[in-house]
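> Please find coords-v6.pdb (PDB, C-alpha atoms, pLDDT in the B column) on the next line:
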```
ATOM      1  CA  MET A 751       0.000   0.000   0.000  1.00 42.00           C
ATOM      2  CA  ARG A 752       1.464   3.421  -0.987  1.00 37.00           C
ATOM      3  CA  PHE A 753       1.137   6.458   1.259  1.00 39.00           C
ATOM      4  CA  ARG A 754       2.023  10.136   1.069  1.00 44.00           C
ATOM      5  CA  ALA A 755       5.168  11.159   2.940  1.00 38.00           C
ATOM      6  CA  THR A 756       2.992  12.832   5.566  1.00 44.00           C
ATOM      7  CA  ASP A 757       1.040   9.602   5.965  1.00 47.00           C
ATOM      8  CA  LEU A 758       4.227   7.658   6.594  1.00 39.00           C
ATOM      9  CA  ALA A 759       5.394  10.184   9.176  1.00 42.00           C
ATOM     10  CA  VAL A 760       2.040  10.008  10.864  1.00 48.00           C
ATOM     11  CA  GLY A 761       2.076   6.222  10.735  1.00 48.00           C
ATOM     12  CA  VAL A 762       5.509   6.079  12.359  1.00 40.00           C
ATOM     13  CA  ALA A 763       4.395   8.363  15.176  1.00 48.00           C
ATOM     14  CA  VAL A 764       1.214   6.352  15.659  1.00 46.00           C
ATOM     15  CA  LEU A 765       2.909   2.979  15.622  1.00 46.00           C
ATOM     16  CA  LEU A 766       5.642   4.130  18.001  1.00 42.00           C
ATOM     17  CA  CYS A 767       3.058   5.254  20.500  1.00 48.00           C
ATOM     18  CA  LEU A 768       0.780   2.245  19.989  1.00 44.00           C
ATOM     19  CA  GLY A 769       3.712  -0.111  20.213  1.00 44.00           C
ATOM     20  CA  ALA A 770       4.628   1.414  23.549  1.00 41.00           C
ATOM     21  CA  GLY A 771       1.151   0.498  24.808  1.00 43.00           C
ATOM     22  CA  VAL A 772       0.490   3.967  26.215  1.00 41.00           C
ATOM     23  CA  GLY A 773      -1.839   6.864  25.556  1.00 43.00           C
ATOM     24  CA  CYS A 774      -0.659  10.005  23.755  1.00 45.00           C
ATOM     25  CA  ASP A 775      -1.773  13.583  23.885  1.00 43.00           C
ATOM     26  CA  ARG A 776      -1.917  16.170  21.108  1.00 41.00           C
ATOM     27  CA  SER A 777       1.298  17.061  19.344  1.00 39.00           C
ATOM     28  CA  THR A 778       2.571  19.162  16.486  1.00 36.00           C
ATOM     29  CA  GLY A 779       4.805  18.180  13.625  1.00 39.00           C
ATOM     30  CA  GLY A 780       3.655  14.583  13.855  1.00 41.00           C
ATOM     31  CA  THR A 781       5.493  13.997  17.140  1.00 37.00           C
ATOM     32  CA  ALA A 782       3.586  11.855  19.609  1.00 38.00           C
ATOM     33  CA  VAL A 783       3.602  13.074  23.211  1.00 33.00           C
ATOM     34  CA  ARG A 784       3.465  10.343  25.814  1.00 29.00           C
ATOM     35  CA  THR A 785       0.910  10.663  28.582  1.00 30.00           C
ATOM     36  CA  SER A 786      -0.298   8.257  31.238  1.00 30.00           C
ATOM     37  CA  GLY A 787      -1.010   4.652  30.378  1.00 32.00           C
ATOM     38  CA  ALA A 788      -4.679   4.968  31.230  1.00 32.00           C
ATOM     39  CA  ALA A 789      -7.002   4.003  28.403  1.00 34.00           C
ATOM     40  CA  PRO A 790      -9.344   6.715  27.083  1.00 33.00           C
ATOM     41  CA  SER A 791     -12.795   6.559  28.601  1.00 33.00           C
ATOM     42  CA  THR A 792     -15.509   5.052  26.457  1.00 33.00           C
ATOM     43  CA  THR A 793     -19.213   5.465  26.937  1.00 32.00           C
ATOM     44  CA  SER A 794     -21.217   2.516  25.724  1.00 33.00           C
ATOM     45  CA  ALA A 795     -24.762   1.264  25.867  1.00 33.00           C
ATOM     46  CA  ALA A 796     -26.534  -1.963  25.141  1.00 33.00           C
ATOM     47  CA  PRO A 797     -27.401  -2.244  21.428  1.00 35.00           C
ATOM     48  CA  THR A 798     -30.858  -0.899  20.661  1.00 36.00           C
ATOM     49  CA  PRO A 799     -32.824  -0.684  17.434  1.00 40.00           C
ATOM     50  CA  SER A 800     -32.171   2.540  15.512  1.00 40.00           C
ATOM     51  CA  ASP A 801     -35.192   4.824  15.751  1.00 43.00           C
ATOM     52  CA  PRO A 802     -35.138   8.440  14.493  1.00 45.00           C
ATOM     53  CA  ALA A 803     -37.783   9.311  17.091  1.00 46.00           C
ATOM     54  CA  GLU A 804     -35.402   8.465  19.949  1.00 57.00           C
ATOM     55  CA  PRO A 805     -32.240  10.331  21.039  1.00 80.00           C
ATOM     56  CA  VAL A 806     -29.341   9.332  18.805  1.00 92.00           C
ATOM     57  CA  PRO A 807     -26.882   7.152  20.765  1.00 95.00           C
ATOM     58  CA  GLY A 808     -23.191   7.902  20.699  1.00 95.00           C
ATOM     59  CA  VAL A 809     -23.410  11.684  20.233  1.00 95.00           C
ATOM     60  CA  GLU A 810     -20.754  13.530  22.235  1.00 91.00           C
ATOM     61  CA  THR A 811     -20.979  17.239  23.059  1.00 84.00           C
ATOM     62  CA  THR A 812     -17.841  18.913  21.693  1.00 75.00           C
ATOM     63  CA  LEU A 813     -16.603  22.494  21.941  1.00 67.00           C
ATOM     64  CA  PRO A 814     -14.834  24.489  19.194  1.00 63.00           C
ATOM     65  CA  ASP A 815     -11.081  24.178  19.497  1.00 76.00           C
ATOM     66  CA  HIS A 816      -8.049  25.139  17.425  1.00 82.00           C
ATOM     67  CA  ILE A 817      -6.086  22.062  16.424  1.00 86.00           C
ATOM     68  CA  PRO A 818      -2.376  22.619  15.655  1.00 90.00           C
ATOM     69  CA  PRO A 819      -0.917  21.232  12.387  1.00 87.00           C
ATOM     70  CA  ASN A 820      -0.328  17.475  12.310  1.00 88.00           C
ATOM     71  CA  ALA A 821      -1.930  17.115  15.726  1.00 90.00           C
ATOM     72  CA  VAL A 822      -2.153  13.588  17.105  1.00 91.00           C
ATOM     73  CA  VAL A 823      -5.514  13.924  18.825  1.00 91.00           C
ATOM     74  CA  CYS A 824      -6.346  10.337  19.699  1.00 94.00           C
ATOM     75  CA  PHE A 825      -4.213   7.336  20.657  1.00 91.00           C
ATOM     76  CA  PRO A 826      -6.287   4.456  22.035  1.00 88.00           C
ATOM     77  CA  ARG A 827      -4.527   1.430  23.434  1.00 84.00           C
ATOM     78  CA  PRO A 828      -3.512  -1.060  20.741  1.00 80.00           C
ATOM     79  CA  PRO A 829      -5.561  -4.267  20.413  1.00 77.00           C
ATOM     80  CA  ALA A 830      -4.196  -7.536  21.731  1.00 78.00           C
ATOM     81  CA  SER A 831      -3.813  -8.852  18.175  1.00 77.00           C
ATOM     82  CA  GLY A 832      -3.835  -7.573  14.614  1.00 82.00           C
ATOM     83  CA  THR A 833      -1.695  -5.263  12.510  1.00 92.00           C
ATOM     84  CA  MET A 834      -1.970  -1.485  12.184  1.00 94.00           C
ATOM     85  CA  ALA A 835      -2.851   0.212   8.878  1.00 96.00           C
ATOM     86  CA  VAL A 836      -2.921   3.894   7.915  1.00 96.00           C
ATOM     87  CA  ALA A 837      -6.001   5.139   6.046  1.00 98.00           C
ATOM     88  CA  SER A 838      -6.130   8.535   4.335  1.00 97.00           C
ATOM     89  CA  VAL A 839      -7.777  10.333   1.413  1.00 97.00           C
ATOM     90  CA  PRO A 840      -6.429  13.004  -0.975  1.00 96.00           C
ATOM     91  CA  ASP A 841      -8.316  15.833   0.774  1.00 96.00           C
ATOM     92  CA  PRO A 842      -5.522  17.785   2.547  1.00 94.00           C
ATOM     93  CA  VAL A 843      -7.775  18.774   5.474  1.00 94.00           C
ATOM     94  CA  ALA A 844      -9.201  15.293   6.091  1.00 96.00           C
ATOM     95  CA  PRO A 845      -8.168  13.341   9.189  1.00 96.00           C
ATOM     96  CA  VAL A 846      -5.726  10.453   8.849  1.00 97.00           C
ATOM     97  CA  ILE A 847      -6.548   7.371  10.901  1.00 97.00           C
ATOM     98  CA  THR A 848      -4.574   4.328  11.970  1.00 96.00           C
ATOM     99  CA  LEU A 849      -6.710   1.270  12.632  1.00 96.00           C
ATOM    100  CA  PRO A 850      -6.183  -2.386  13.478  1.00 95.00           C
ATOM    101  CA  LEU A 851      -6.719  -5.131  10.891  1.00 96.00           C
ATOM    102  CA  PRO A 852      -6.748  -8.872  11.601  1.00 95.00           C
ATOM    103  CA  ASP A 853      -3.414 -10.644  11.307  1.00 93.00           C
ATOM    104  CA  GLY A 854      -2.692 -11.717   7.739  1.00 91.00           C
ATOM    105  CA  TRP A 855      -5.058  -9.230   6.051  1.00 95.00           C
ATOM    106  CA  SER A 856      -3.489  -7.057   3.363  1.00 93.00           C
ATOM    107  CA  SER A 857      -4.695  -3.544   2.570  1.00 96.00           C
ATOM    108  CA  SER A 858      -4.507  -1.048  -0.265  1.00 96.00           C
ATOM    109  CA  ARG A 859      -5.498   2.564  -0.801  1.00 94.00           C
ATOM    110  CA  GLY A 860      -8.813   3.277  -2.459  1.00 93.00           C
ATOM    111  CA  SER A 861      -9.816   6.340  -4.441  1.00 95.00           C
ATOM    112  CA  GLY A 862     -11.943   9.391  -3.719  1.00 96.00           C
ATOM    113  CA  ASP A 863     -13.515   9.083  -0.272  1.00 97.00           C
ATOM    114  CA  VAL A 864     -12.431   5.437   0.054  1.00 98.00           C
ATOM    115  CA  ALA A 865      -9.316   5.580   2.221  1.00 98.00           C
ATOM    116  CA  LEU A 866      -8.525   1.857   2.449  1.00 98.00           C
ATOM    117  CA  THR A 867      -9.762  -1.546   1.338  1.00 98.00           C
ATOM    118  CA  ALA A 868      -8.707  -4.857   2.868  1.00 98.00           C
ATOM    119  CA  PRO A 869      -9.866  -8.265   1.614  1.00 97.00           C
ATOM    120  CA  GLY A 870      -9.949 -11.097   4.111  1.00 97.00           C
ATOM    121  CA  PRO A 871     -10.614 -14.839   4.128  1.00 97.00           C
ATOM    122  CA  ALA A 872     -14.030 -16.486   3.614  1.00 96.00           C
ATOM    123  CA  GLY A 873     -15.370 -13.583   1.538  1.00 97.00           C
ATOM    124  CA  MET A 874     -14.883 -10.980   4.261  1.00 98.00           C
ATOM    125  CA  SER A 875     -13.619  -7.457   3.597  1.00 98.00           C
ATOM    126  CA  VAL A 876     -13.031  -4.105   5.253  1.00 98.00           C
ATOM    127  CA  ARG A 877     -13.535  -0.701   3.663  1.00 98.00           C
ATOM    128  CA  VAL A 878     -12.685   2.628   5.279  1.00 98.00           C
ATOM    129  CA  THR A 879     -14.289   5.842   4.010  1.00 98.00           C
ATOM    130  CA  ILE A 880     -13.502   9.400   5.110  1.00 98.00           C
ATOM    131  CA  THR A 881     -16.235  11.662   3.775  1.00 98.00           C
ATOM    132  CA  PRO A 882     -16.745  15.402   4.327  1.00 98.00           C
ATOM    133  CA  THR A 883     -20.060  16.290   5.930  1.00 97.00           C
ATOM    134  CA  ASP A 884     -21.907  19.461   6.856  1.00 95.00           C
ATOM    135  CA  LEU A 885     -24.254  17.527   9.133  1.00 95.00           C
ATOM    136  CA  GLU A 886     -24.152  17.467  12.910  1.00 95.00           C
ATOM    137  CA  PRO A 887     -23.161  14.077  14.400  1.00 96.00           C
ATOM    138  CA  GLY A 888     -26.687  12.906  15.241  1.00 96.00           C
ATOM    139  CA  VAL A 889     -28.070  13.817  11.840  1.00 96.00           C
ATOM    140  CA  ALA A 890     -25.063  12.284  10.065  1.00 97.00           C
ATOM    141  CA  PHE A 891     -25.549   9.027  11.983  1.00 97.00           C
ATOM    142  CA  LEU A 892     -29.251   8.856  11.151  1.00 96.00           C
ATOM    143  CA  ARG A 893     -28.499   9.582   7.496  1.00 97.00           C
ATOM    144  CA  TYR A 894     -25.966   6.757   7.423  1.00 97.00           C
ATOM    145  CA  ALA A 895     -28.475   4.315   8.921  1.00 95.00           C
ATOM    146  CA  ALA A 896     -31.105   5.451   6.395  1.00 95.00           C
ATOM    147  CA  ASP A 897     -28.646   4.879   3.539  1.00 95.00           C
ATOM    148  CA  LEU A 898     -28.022   1.355   4.850  1.00 93.00           C
ATOM    149  CA  ARG A 899     -31.738   0.614   4.704  1.00 93.00           C
ATOM    150  CA  THR A 900     -31.915   2.017   1.188  1.00 94.00           C
ATOM    151  CA  ARG A 901     -29.041  -0.202   0.103  1.00 92.00           C
ATOM    152  CA  TRP A 902     -30.423  -3.260   1.897  1.00 92.00           C
ATOM    153  CA  PRO A 903     -34.223  -3.047   2.295  1.00 91.00           C
ATOM    154  CA  GLY A 904     -35.329  -5.067   5.299  1.00 87.00           C
ATOM    155  CA  VAL A 905     -31.885  -5.049   6.909  1.00 93.00           C
ATOM    156  CA  ALA A 906     -31.875  -5.638  10.664  1.00 90.00           C
ATOM    157  CA  VAL A 907     -29.586  -3.123  12.392  1.00 93.00           C
ATOM    158  CA  THR A 908     -28.631  -2.597  16.040  1.00 95.00           C
ATOM    159  CA  VAL A 909     -26.806   0.476  17.286  1.00 96.00           C
ATOM    160  CA  ALA A 910     -24.575   0.990  20.329  1.00 97.00           C
ATOM    161  CA  ALA A 911     -23.072   4.237  21.578  1.00 97.00           C
ATOM    162  CA  ALA A 912     -19.267   4.089  21.479  1.00 96.00           C
ATOM    163  CA  GLN A 913     -17.774   7.549  21.989  1.00 95.00           C
ATOM    164  CA  PHE A 914     -14.005   7.825  22.300  1.00 94.00           C
ATOM    165  CA  CYS A 915     -11.426  10.630  22.518  1.00 93.00           C
ATOM    166  CA  GLY A 916     -14.247  13.167  22.666  1.00 92.00           C
ATOM    167  CA  TYR A 917     -15.673  12.090  19.293  1.00 95.00           C
ATOM    168  CA  SER A 918     -19.260  11.089  18.600  1.00 96.00           C
ATOM    169  CA  SER A 919     -19.167   7.455  17.516  1.00 97.00           C
ATOM    170  CA  GLN A 920     -21.447   4.451  17.088  1.00 98.00           C
ATOM    171  CA  LEU A 921     -21.071   0.731  16.555  1.00 98.00           C
ATOM    172  CA  LEU A 922     -23.593  -0.757  14.121  1.00 98.00           C
ATOM    173  CA  SER A 923     -24.220  -4.458  13.566  1.00 97.00           C
ATOM    174  CA  GLY A 924     -26.626  -6.023  11.119  1.00 95.00           C
ATOM    175  CA  THR A 925     -27.607  -8.855   8.832  1.00 95.00           C
ATOM    176  CA  VAL A 926     -29.264  -9.084   5.454  1.00 93.00           C
ATOM    177  CA  ALA A 927     -31.311 -12.289   5.224  1.00 89.00           C
ATOM    178  CA  GLY A 928     -32.085 -14.316   2.147  1.00 83.00           C
ATOM    179  CA  PRO A 929     -29.947 -15.885  -0.583  1.00 83.00           C
ATOM    180  CA  GLY A 930     -26.439 -14.531  -0.425  1.00 84.00           C
ATOM    181  CA  GLY A 931     -27.109 -13.217   3.075  1.00 92.00           C
ATOM    182  CA  VAL A 932     -24.647 -10.697   4.479  1.00 95.00           C
ATOM    183  CA  GLN A 933     -23.524  -9.798   7.979  1.00 97.00           C
ATOM    184  CA  PHE A 934     -21.732  -6.551   8.667  1.00 98.00           C
ATOM    185  CA  ALA A 935     -20.379  -4.247  11.350  1.00 98.00           C
ATOM    186  CA  ASP A 936     -19.632  -0.532  11.179  1.00 98.00           C
ATOM    187  CA  ARG A 937     -17.836   1.927  13.398  1.00 98.00           C
ATOM    188  CA  ILE A 938     -18.997   5.374  12.334  1.00 98.00           C
ATOM    189  CA  THR A 939     -17.280   8.410  13.851  1.00 98.00           C
ATOM    190  CA  HIS A 940     -17.839  12.134  13.395  1.00 97.00           C
ATOM    191  CA  VAL A 941     -14.424  13.840  13.324  1.00 96.00           C
ATOM    192  CA  TRP A 942     -14.137  17.633  13.282  1.00 91.00           C
ATOM    193  CA  THR A 943     -11.098  19.574  12.076  1.00 90.00           C
ATOM    194  CA  ASN A 944     -10.165  23.255  11.919  1.00 87.00           C
ATOM    195  CA  VAL A 945     -11.819  23.463   8.489  1.00 89.00           C
ATOM    196  CA  ARG A 946     -14.791  21.089   8.444  1.00 92.00           C
ATOM    197  CA  SER A 947     -16.170  17.804   9.726  1.00 95.00           C
ATOM    198  CA  PHE A 948     -15.802  14.301   8.313  1.00 97.00           C
ATOM    199  CA  LEU A 949     -17.653  11.032   8.766  1.00 98.00           C
ATOM    200  CA  VAL A 950     -15.161   8.202   9.185  1.00 98.00           C
ATOM    201  CA  VAL A 951     -16.637   4.744   8.579  1.00 98.00           C
ATOM    202  CA  VAL A 952     -14.892   1.415   9.135  1.00 98.00           C
ATOM    203  CA  HIS A 953     -17.134  -1.149   7.428  1.00 98.00           C
ATOM    204  CA  LEU A 954     -16.663  -4.921   7.843  1.00 98.00           C
ATOM    205  CA  GLU A 955     -18.747  -7.217   5.660  1.00 98.00           C
ATOM    206  CA  GLY A 956     -18.946 -10.945   5.014  1.00 97.00           C
ATOM    207  CA  PRO A 957     -21.300 -13.815   4.243  1.00 97.00           C
ATOM    208  CA  ILE A 958     -23.577 -14.921   7.066  1.00 95.00           C
ATOM    209  CA  GLY A 959     -21.806 -17.646   8.988  1.00 93.00           C
ATOM    210  CA  ALA A 960     -18.349 -16.796   7.632  1.00 96.00           C
ATOM    211  CA  PRO A 961     -15.772 -18.413   9.935  1.00 96.00           C
ATOM    212  CA  GLY A 962     -13.730 -15.841  11.789  1.00 96.00           C
ATOM    213  CA  PHE A 963     -16.228 -12.999  11.371  1.00 97.00           C
ATOM    214  CA  ASP A 964     -16.636 -12.400  15.108  1.00 97.00           C
ATOM    215  CA  ALA A 965     -12.869 -12.286  15.599  1.00 95.00           C
ATOM    216  CA  ALA A 966     -12.475  -9.894  12.663  1.00 97.00           C
ATOM    217  CA  LYS A 967     -15.243  -7.716  14.081  1.00 97.00           C
ATOM    218  CA  SER A 968     -13.587  -7.623  17.497  1.00 95.00           C
ATOM    219  CA  THR A 969     -10.374  -6.350  15.884  1.00 95.00           C
ATOM    220  CA  THR A 970     -11.664  -3.916  13.261  1.00 96.00           C
ATOM    221  CA  MET A 971     -14.315  -2.240  15.403  1.00 96.00           C
ATOM    222  CA  GLN A 972     -11.731  -1.083  17.945  1.00 95.00           C
ATOM    223  CA  GLN A 973     -11.086   2.594  18.574  1.00 95.00           C
ATOM    224  CA  PHE A 974      -8.577   4.077  16.139  1.00 96.00           C
ATOM    225  CA  ALA A 975      -5.845   6.714  16.224  1.00 96.00           C
ATOM    226  CA  VAL A 976      -6.625  10.111  14.655  1.00 97.00           C
ATOM    227  CA  VAL A 977      -4.263  12.735  13.238  1.00 96.00           C
ATOM    228  CA  ILE A 978      -5.537  16.112  12.031  1.00 93.00           C
ATOM    229  CA  PRO A 979      -3.320  17.558   9.228  1.00 87.00           C
TER     230      PRO A 979
END
```
Show how you would write the structure in this file as structure tokens.

Amino acid sequence: MRFRATDLAVGVAVLLCLGAGVGCDRSTGGTAVRTSGAAPSTTSAAPTPSDPAEPVPGVETTLPDHIPPNAVVCFPRPPASGTMAVASVPDPVAPVITLPLPDGWSSSRGSGDVALTAPGPAGMSVRVTITPTDLEPGVAFLRYAADLRTRWPGVAVTVAAAQFCGYSSQLLSGTVAGPGGVQFADRITHVWTNVRSFLVVVHLEGPIGAPGFDAAKSTTMQQFAVVIP
């Protein structure tokens, strides 16, 4: 997988910090600043059916803030297994993320808003998109769920709140029944920058009953590192 020079610098900083198994605070110039080893707090809730009439789970109240160039704004603890991959898009103001992939999965850069694709065994795959949005987190999350139902009419979806590092975030899980049935999991996160906001989506998909899907889900739906250019 080919990255921009800035991506590689970011990836080095991220991997150094993740490899140390500690948290990191904001930094400039792509330099990670070590903080305490405590894991970032995460607010979660039992999965509930998505319903536009109810409060949107996973929405975090955030305040305007100036983010310095190449700021490392989120460094969750690394997962117990898996390899780290950097995902970015050509937009120079879009966030760059570093996420875990299952051991043995390869990845490559996509195009446009697709930051990364990673095929796995048994028909499974991961796709990461980083898309600009003018919507507030709650509205963006509801729009994403509505688009899922448009793509897969009759899909069964559950939603859990999963905020991290001050970002609004959700975990979605669902299945599409019938011939060629599909199971999927999404971590959708609303990331704001100095210029605009982006919806970052890590999407795992595979055939219903695919061996290893639960393990892949456990790895890919982890919190991810975020760098703001």
> Which residues, named as in the file, does the PyMOL selection byres ((chain A and resi 876) around 6) pick out? Answer as an mmCIF file with C-alpha atoms, keeping the file's coordinate frame.

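Final output, saved to selection_27.cif:
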```cif
data_model
loop_
_atom_site.group_PDB
_atom_site.id
_atom_site.type_symbol
_atom_site.label_atom_id
_atom_site.label_comp_id
_atom_site.auth_asym_id
_atom_site.auth_seq_id
_atom_site.Cartn_x
_atom_site.Cartn_y
_atom_site.Cartn_z
ATOM 1 C CA THR A 867 -9.762 -1.546 1.338
ATOM 2 C CA ALA A 868 -8.707 -4.857 2.868
ATOM 3 C CA SER A 875 -13.619 -7.457 3.597
ATOM 4 C CA ARG A 877 -13.535 -0.701 3.663
ATOM 5 C CA HIS A 953 -17.134 -1.149 7.428
ATOM 6 C CA LEU A 954 -16.663 -4.921 7.843
#
```
> So which residues touch Val809 of chain A within 9 Å, counting only C-alpha atoms, skipping near sequence neighbours fewer than 6 positions away, as a PDB file with C-alpha atoms, in the coordinates of the input?

```
ATOM      1  CA  PRO A 887     -23.161  14.077  14.400  1.00 96.00           C
ATOM      2  CA  GLY A 888     -26.687  12.906  15.241  1.00 96.00           C
ATOM      3  CA  PHE A 891     -25.549   9.027  11.983  1.00 97.00           C
ATOM      4  CA  ALA A 911     -23.072   4.237  21.578  1.00 97.00           C
ATOM      5  CA  ALA A 912     -19.267   4.089  21.479  1.00 96.00           C
ATOM      6  CA  GLN A 913     -17.774   7.549  21.989  1.00 95.00           C
ATOM      7  CA  TYR A 917     -15.673  12.090  19.293  1.00 95.00           C
ATOM      8  CA  SER A 918     -19.260  11.089  18.600  1.00 96.00           C
ATOM      9  CA  SER A 919     -19.167   7.455  17.516  1.00 97.00           C
ATOM     10  CA  GLN A 920     -21.447   4.451  17.088  1.00 98.00           C
ATOM     11  CA  HIS A 940     -17.839  12.134  13.395  1.00 97.00           C
TER      12      HIS A 940
END
```
> Could you give me, as a list in words, the residues within 7 Å of Phe974 of chain A, counting only C-alpha atoms and dropping anything in the same chain fewer than 6 positions from it?
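Non-adjacent residues within range: Pro826, Ile847, Thr848 and Leu849 of chain A.
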> Please write the residues from the selection above to a file, keeping C-alpha atoms, as a PDB file, keeping the file's coordinate frame.

```pdb
ATOM      1  CA  PRO A 826      -6.287   4.456  22.035  1.00 88.00           C
ATOM      2  CA  ILE A 847      -6.548   7.371  10.901  1.00 97.00           C
ATOM      3  CA  THR A 848      -4.574   4.328  11.970  1.00 96.00           C
ATOM      4  CA  LEU A 849      -6.710   1.270  12.632  1.00 96.00           C
TER       5      LEU A 849
END
```
> Of the residues A:Phe963, A:Phe825, A:Phe948, A:Trp942, which is the one nearest to Pro882 of chain A, using only C-alpha atoms?
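Nearest to Pro882 of chain A: A:Phe948.
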> Determine the residue set returned by the PyMOL selection byres ((chain A and resi 829) around 12) for the present structure, and present it as a list in words.
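Taken over the shown coordinates, the PyMOL selection byres ((chain A and resi 829) around 12) returns Leu768, Gly769, Gly771, Val772, Ala789, Phe825, Pro826, Arg827, Pro828, Ala830, Ser831, Gly832, Thr833, Met834, Leu849, Pro850, Leu851, Pro852, Asp853, Ala965, Ala966, Ser968, Thr969, Thr970, Met971, Gln972, Gln973, Phe974 and Ala975 of chain A.
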> Given the PyMOL selection byres ((chain A and resi 858) around 7) and the file above, list the residues it selects as a list in words.
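So the PyMOL selection byres ((chain A and resi 858) around 7), applied here, picks out Met751, Ser857, Arg859, Gly860, Leu866, Thr867 and Ala868 of chain A.
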> Mind pulling up the distance from atom CA of Ala890 of chain A to atom CA of Ile817 of chain A?
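Separation of atom CA of Ile817 of chain A and atom CA of Ala890 of chain A: 22.3 Å.
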> So how far away is atom CA of Ala895 of chain A from atom CA of Asp815 of chain A, in Å?
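Separation of atom CA of Asp815 of chain A and atom CA of Ala895 of chain A: 28.4 Å.
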> Record the distance separating atom CA of Ile958 of chain A and atom CA of Thr925 of chain A, expressed in Å with one decimal.
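Atom-to-atom, atom CA of Ile958 of chain A and atom CA of Thr925 of chain A are spaced 7.5 Å apart.
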> Applying 6 Å and all atoms listed in the file, which residues near segment 976-979 of chain A remain after dropping the ones on its own chain fewer than 5 positions away? List them as a PyMOL selection string.
chain A and resi 819-824+843+845-847
> Step by step: start from the point (-30.6, -13.8, 5.5) in the file's coordinates, keep every protein, DNA or RNA residue that has an atom no farther than 10 Å from it, count only C-alpha atoms, and write the set as a list in words.
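Collected hits near the coordinates: Gly904, Val905, Ala906, Thr925, Val926, Ala927, Gly928, Pro929, Gly930, Gly931, Val932, Gln933, Pro957 and Ile958 of chain A.
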> May I have the centre and edge lengths, in Å to one decimal, of an axis-aligned box around the listed atoms of segment 869-877 of chain A with 6 Å added to every side, as JSON?

```
{"center_x": -12.6, "center_y": -8.6, "center_z": 3.4, "size_x": 17.5, "size_y": 27.8, "size_z": 15.7}
```
> Taking into account all atoms listed in the file, which residue in the set A:Leu921, A:Ile880, A:Val889, A:Met874 is nearest to Ser838 of chain A?
A:Ile880
> Could you check the closest approach to Pro871 of chain A for each of A:Ala837, A:Thr908, A:Thr883, A:Ser856 and tell me which residue wins, using all atoms listed in the file?
A:Ser856
